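Dropping target21.cif in here (mmCIF, C-alpha atoms):
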```cif
data_final
loop_
_atom_site.label_atom_id
_atom_site.label_comp_id
_atom_site.auth_asym_id
_atom_site.auth_seq_id
_atom_site.Cartn_x
_atom_site.Cartn_y
_atom_site.Cartn_z
CA MET A 566 76.96 98.27 135.05
CA ASN A 567 73.74 100.11 134.20
CA SER A 568 72.00 99.84 130.84
CA ARG A 569 73.41 103.19 129.63
CA GLU A 570 76.97 102.03 130.28
CA GLU A 571 76.26 98.70 128.59
CA TYR A 572 74.84 100.48 125.54
CA THR A 573 77.86 102.81 125.36
CA GLU A 574 80.24 99.87 125.64
CA LEU A 575 78.35 97.97 122.93
CA ALA A 576 78.29 101.00 120.62
CA THR A 577 82.01 101.59 121.19
CA GLY A 578 82.77 97.98 120.31
CA ARG A 579 80.74 98.19 117.12
CA PHE A 580 82.44 101.43 116.14
CA GLU A 581 85.88 99.90 116.72
CA ARG A 582 84.92 96.85 114.62
CA ALA A 583 83.76 99.16 111.82
CA VAL A 584 87.08 101.03 111.92
CA ALA A 585 88.98 97.72 111.85
CA ILE A 586 86.92 96.58 108.85
CA CYS A 587 87.73 99.84 107.02
CA ALA A 588 91.43 99.41 107.76
CA GLY A 589 91.32 95.79 106.61
CA LEU A 590 89.57 96.75 103.38
CA ALA A 591 92.08 99.52 102.67
CA TRP A 592 94.96 97.10 103.24
CA HIS A 593 93.31 94.43 101.08
CA PHE A 594 93.01 96.84 98.16
CA TYR A 595 96.64 97.84 98.72
CA GLU A 596 97.73 94.18 98.62
CA ILE A 597 95.95 93.53 95.33
CA ASN A 598 97.30 96.77 93.84
CA SER A 599 93.85 98.19 93.24
CA VAL A 600 92.53 101.70 92.81
CA LEU A 601 90.96 103.17 95.92
CA GLU A 602 89.17 106.29 97.02
CA PHE A 603 88.33 106.82 100.69
CA ARG A 604 85.75 109.20 102.14
CA SER A 605 84.60 109.84 105.65
CA ALA A 606 83.22 112.84 107.48
CA GLY A 607 85.91 115.48 107.20
CA PHE A 608 88.44 113.44 105.20
CA ALA A 609 88.73 112.24 101.61
CA THR A 610 91.48 110.97 99.36
CA PRO A 611 91.66 111.27 95.61
CA ARG A 612 90.99 108.13 93.58
CA ALA A 613 94.45 106.66 93.14
CA GLY A 614 96.45 103.49 93.36
CA ALA A 615 95.94 102.13 96.86
CA GLY A 616 99.69 102.15 97.42
CA GLU A 617 99.69 105.93 97.05
CA ILE A 618 96.99 106.60 99.68
CA VAL A 619 96.75 103.58 102.00
CA TYR A 620 98.85 105.16 104.75
CA ASP A 621 96.79 108.36 104.63
CA VAL A 622 93.66 106.24 105.07
CA LEU A 623 95.19 104.28 107.96
CA ARG A 624 96.31 107.51 109.68
CA CYS A 625 92.78 108.88 109.37
CA LEU A 626 91.30 105.69 110.80
CA ALA A 627 93.76 105.74 113.71
CA ARG A 628 92.40 109.16 114.76
CA VAL A 629 88.72 108.75 113.94
CA SER A 630 86.05 109.03 116.61
CA PRO A 631 82.27 108.58 116.53
CA LEU A 632 80.16 111.56 115.53
CA LYS A 633 76.67 112.33 116.72
CA ALA A 634 73.93 111.50 114.26
CA GLN A 635 73.45 114.20 111.66
CA PRO A 636 69.92 114.95 110.46
CA ASP A 637 71.39 116.12 107.14
CA ARG A 638 72.30 113.03 105.13
CA SER A 639 74.13 114.90 102.38
CA PHE A 640 77.24 112.71 102.83
CA LEU A 641 75.37 109.56 101.81
CA ASP A 642 73.50 111.51 99.14
CA SER A 643 76.83 112.64 97.67
CA LEU A 644 77.90 109.01 97.30
CA SER A 645 74.85 108.46 95.10
CA ASP A 646 76.22 111.00 92.62
CA ALA A 647 78.70 108.45 91.24
CA PRO A 648 76.60 105.45 90.13
CA ASP A 649 79.41 104.15 87.91
CA ILE A 650 81.75 103.59 90.89
CA PHE A 651 81.22 100.63 93.20
CA LYS A 652 81.25 101.64 96.86
CA ILE A 653 81.59 99.82 100.16
CA VAL A 654 79.69 101.88 102.72
CA LEU A 655 79.85 101.43 106.49
CA THR A 656 77.15 103.45 108.20
CA SER A 657 75.28 103.71 111.46
CA GLN A 658 72.27 105.21 109.66
CA PRO A 659 69.10 103.08 109.73
CA ARG A 660 68.32 101.01 106.63
CA GLY A 661 65.34 103.15 105.62
CA SER A 662 67.48 106.28 105.47
CA ILE A 663 69.86 105.09 102.73
CA PRO A 664 69.27 106.89 99.40
CA THR A 665 67.67 104.51 96.91
CA GLN A 666 70.28 105.25 94.22
CA LEU A 667 73.07 104.11 96.55
CA TRP A 668 71.74 100.55 96.83
CA SER A 669 72.41 99.72 93.16
CA SER A 670 76.08 100.70 93.21
CA SER A 671 77.13 99.81 96.76
CA TYR A 672 77.65 97.13 99.33
CA ILE A 673 76.31 98.56 102.57
CA LEU A 674 77.36 97.41 106.04
CA PHE A 675 75.31 98.65 108.96
CA VAL A 676 77.47 99.29 112.03
CA PRO A 677 74.70 98.29 114.49
CA SER A 678 74.74 94.77 112.98
CA LEU A 679 78.50 94.29 113.46
#
```
Could the structure of this file be written out as structure tokens, please?
Amino acid sequence: MNSREEYTELATGRFERAVAICAGLAWHFYEINSVLEFRSAGFATPRAGAGEIVYDVLRCLARVSPLKAQPDRSFLDSLSDAPDIFKIVLTSQPRGSIPTQLWSSSYILFVPSL
């Protein structure tokens, strides 16, 4: 295996772990009968009881695939617009690119460290 193939395999494994973590978190919030809102590139649910949206989230995660890096970070910036809501963010963006406002209202997991 060459280094490019090894990198691709490693990145794929990290992506799959991130998806599994998202699914596990969604199911956890369902089990404790919590309120949940889910957002990803191209998909979002309303904030609702986890029981109402958990299967929509799981269907989305079953079909998700990695996207190329986007120079426009408006998705992460948009999460900063709700400082009163606690967020769990999984991202492949480098640490220095996370909007400052997001750090105070979020738990951030970096996919490359998974």
Find the residues of range 577-613 of chain A that sit at most 10 Å from range 624-648 of chain A; for each, write down the nearest two atoms and how far apart they are in Å, to one decimal. Count only C-alpha atoms. Sort by chain, then by number going up, and give it as a Markdown table.
```
| residue | atom | partner | partner_atom | distance |
| --- | --- | --- | --- | --- |
| A:Thr577 | CA | A:Pro631 | CA | 8.4 |
| A:Phe580 | CA | A:Pro631 | CA | 7.2 |
| A:Glu581 | CA | A:Ser630 | CA | 9.1 |
| A:Val584 | CA | A:Leu626 | CA | 6.4 |
| A:Ala585 | CA | A:Leu626 | CA | 8.4 |
| A:Cys587 | CA | A:Leu626 | CA | 7.8 |
| A:Ala588 | CA | A:Leu626 | CA | 7.0 |
| A:Phe603 | CA | A:Cys625 | CA | 10.0 |
| A:Arg604 | CA | A:Leu644 | CA | 9.2 |
| A:Ser605 | CA | A:Phe640 | CA | 8.4 |
| A:Ala606 | CA | A:Phe640 | CA | 7.6 |
| A:Gly607 | CA | A:Cys625 | CA | 9.8 |
| A:Phe608 | CA | A:Cys625 | CA | 7.6 |
| A:Ala609 | CA | A:Cys625 | CA | 9.4 |
```
Just C-alpha atoms for this one: save the residues we selected as a PDB file, keeping the file's coordinate frame.
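Result file selection30.pdb:
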```pdb
ATOM      1  CA  THR A 577      82.010 101.590 121.190  1.00  0.00           C
ATOM      2  CA  PHE A 580      82.440 101.430 116.140  1.00  0.00           C
ATOM      3  CA  GLU A 581      85.880  99.900 116.720  1.00  0.00           C
ATOM      4  CA  VAL A 584      87.080 101.030 111.920  1.00  0.00           C
ATOM      5  CA  ALA A 585      88.980  97.720 111.850  1.00  0.00           C
ATOM      6  CA  CYS A 587      87.730  99.840 107.020  1.00  0.00           C
ATOM      7  CA  ALA A 588      91.430  99.410 107.760  1.00  0.00           C
ATOM      8  CA  PHE A 603      88.330 106.820 100.690  1.00  0.00           C
ATOM      9  CA  ARG A 604      85.750 109.200 102.140  1.00  0.00           C
ATOM     10  CA  SER A 605      84.600 109.840 105.650  1.00  0.00           C
ATOM     11  CA  ALA A 606      83.220 112.840 107.480  1.00  0.00           C
ATOM     12  CA  GLY A 607      85.910 115.480 107.200  1.00  0.00           C
ATOM     13  CA  PHE A 608      88.440 113.440 105.200  1.00  0.00           C
ATOM     14  CA  ALA A 609      88.730 112.240 101.610  1.00  0.00           C
TER      15      ALA A 609
END
```
May I have the residues within 8 Å of range 616-622 of chain A as a list of chain:residue names, using only C-alpha atoms and disregarding those fewer than 6 positions away in the same chain?
-> A:Ala588, A:Ala591, A:Trp592, A:Tyr595, A:Asn598, A:Leu601, A:Phe603, A:Thr610
What separates CA of Ser670 in chain A and CA of Ala576 in chain A is a distance of 27.5 Å
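CA of Ile650 in chain A is positioned 10.4 Å from CA of Ser669 in chain A.
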Which residues come within 10 Å of Val676 in chain A, counting all atoms listed in the file, excluding same-chain residues fewer than 4 positions away, as a ChimeraX atom specification?
-> /A:576,578-584,654-659
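Note that the spacing between CA of Gln666 in chain A and CA of Phe594 in chain A amounts to 24.6 Å.
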Target residues per the PyMOL selection byres ((chain A and resi 673) around 9), formatted as a ChimeraX atom specification | /A:652-656,667-668,671-672,674-675
Report, as lines of an AutoDock Vina configuration file, the axis-aligned box around all atoms of range 618-631 of chain A present in the file, extended by 4 Å on each side; give centre and edge lengths in Å to one decimal place.
```
center_x = 90.6
center_y = 106.4
center_z = 108.1
size_x = 24.6
size_y = 13.6
size_z = 24.9
```
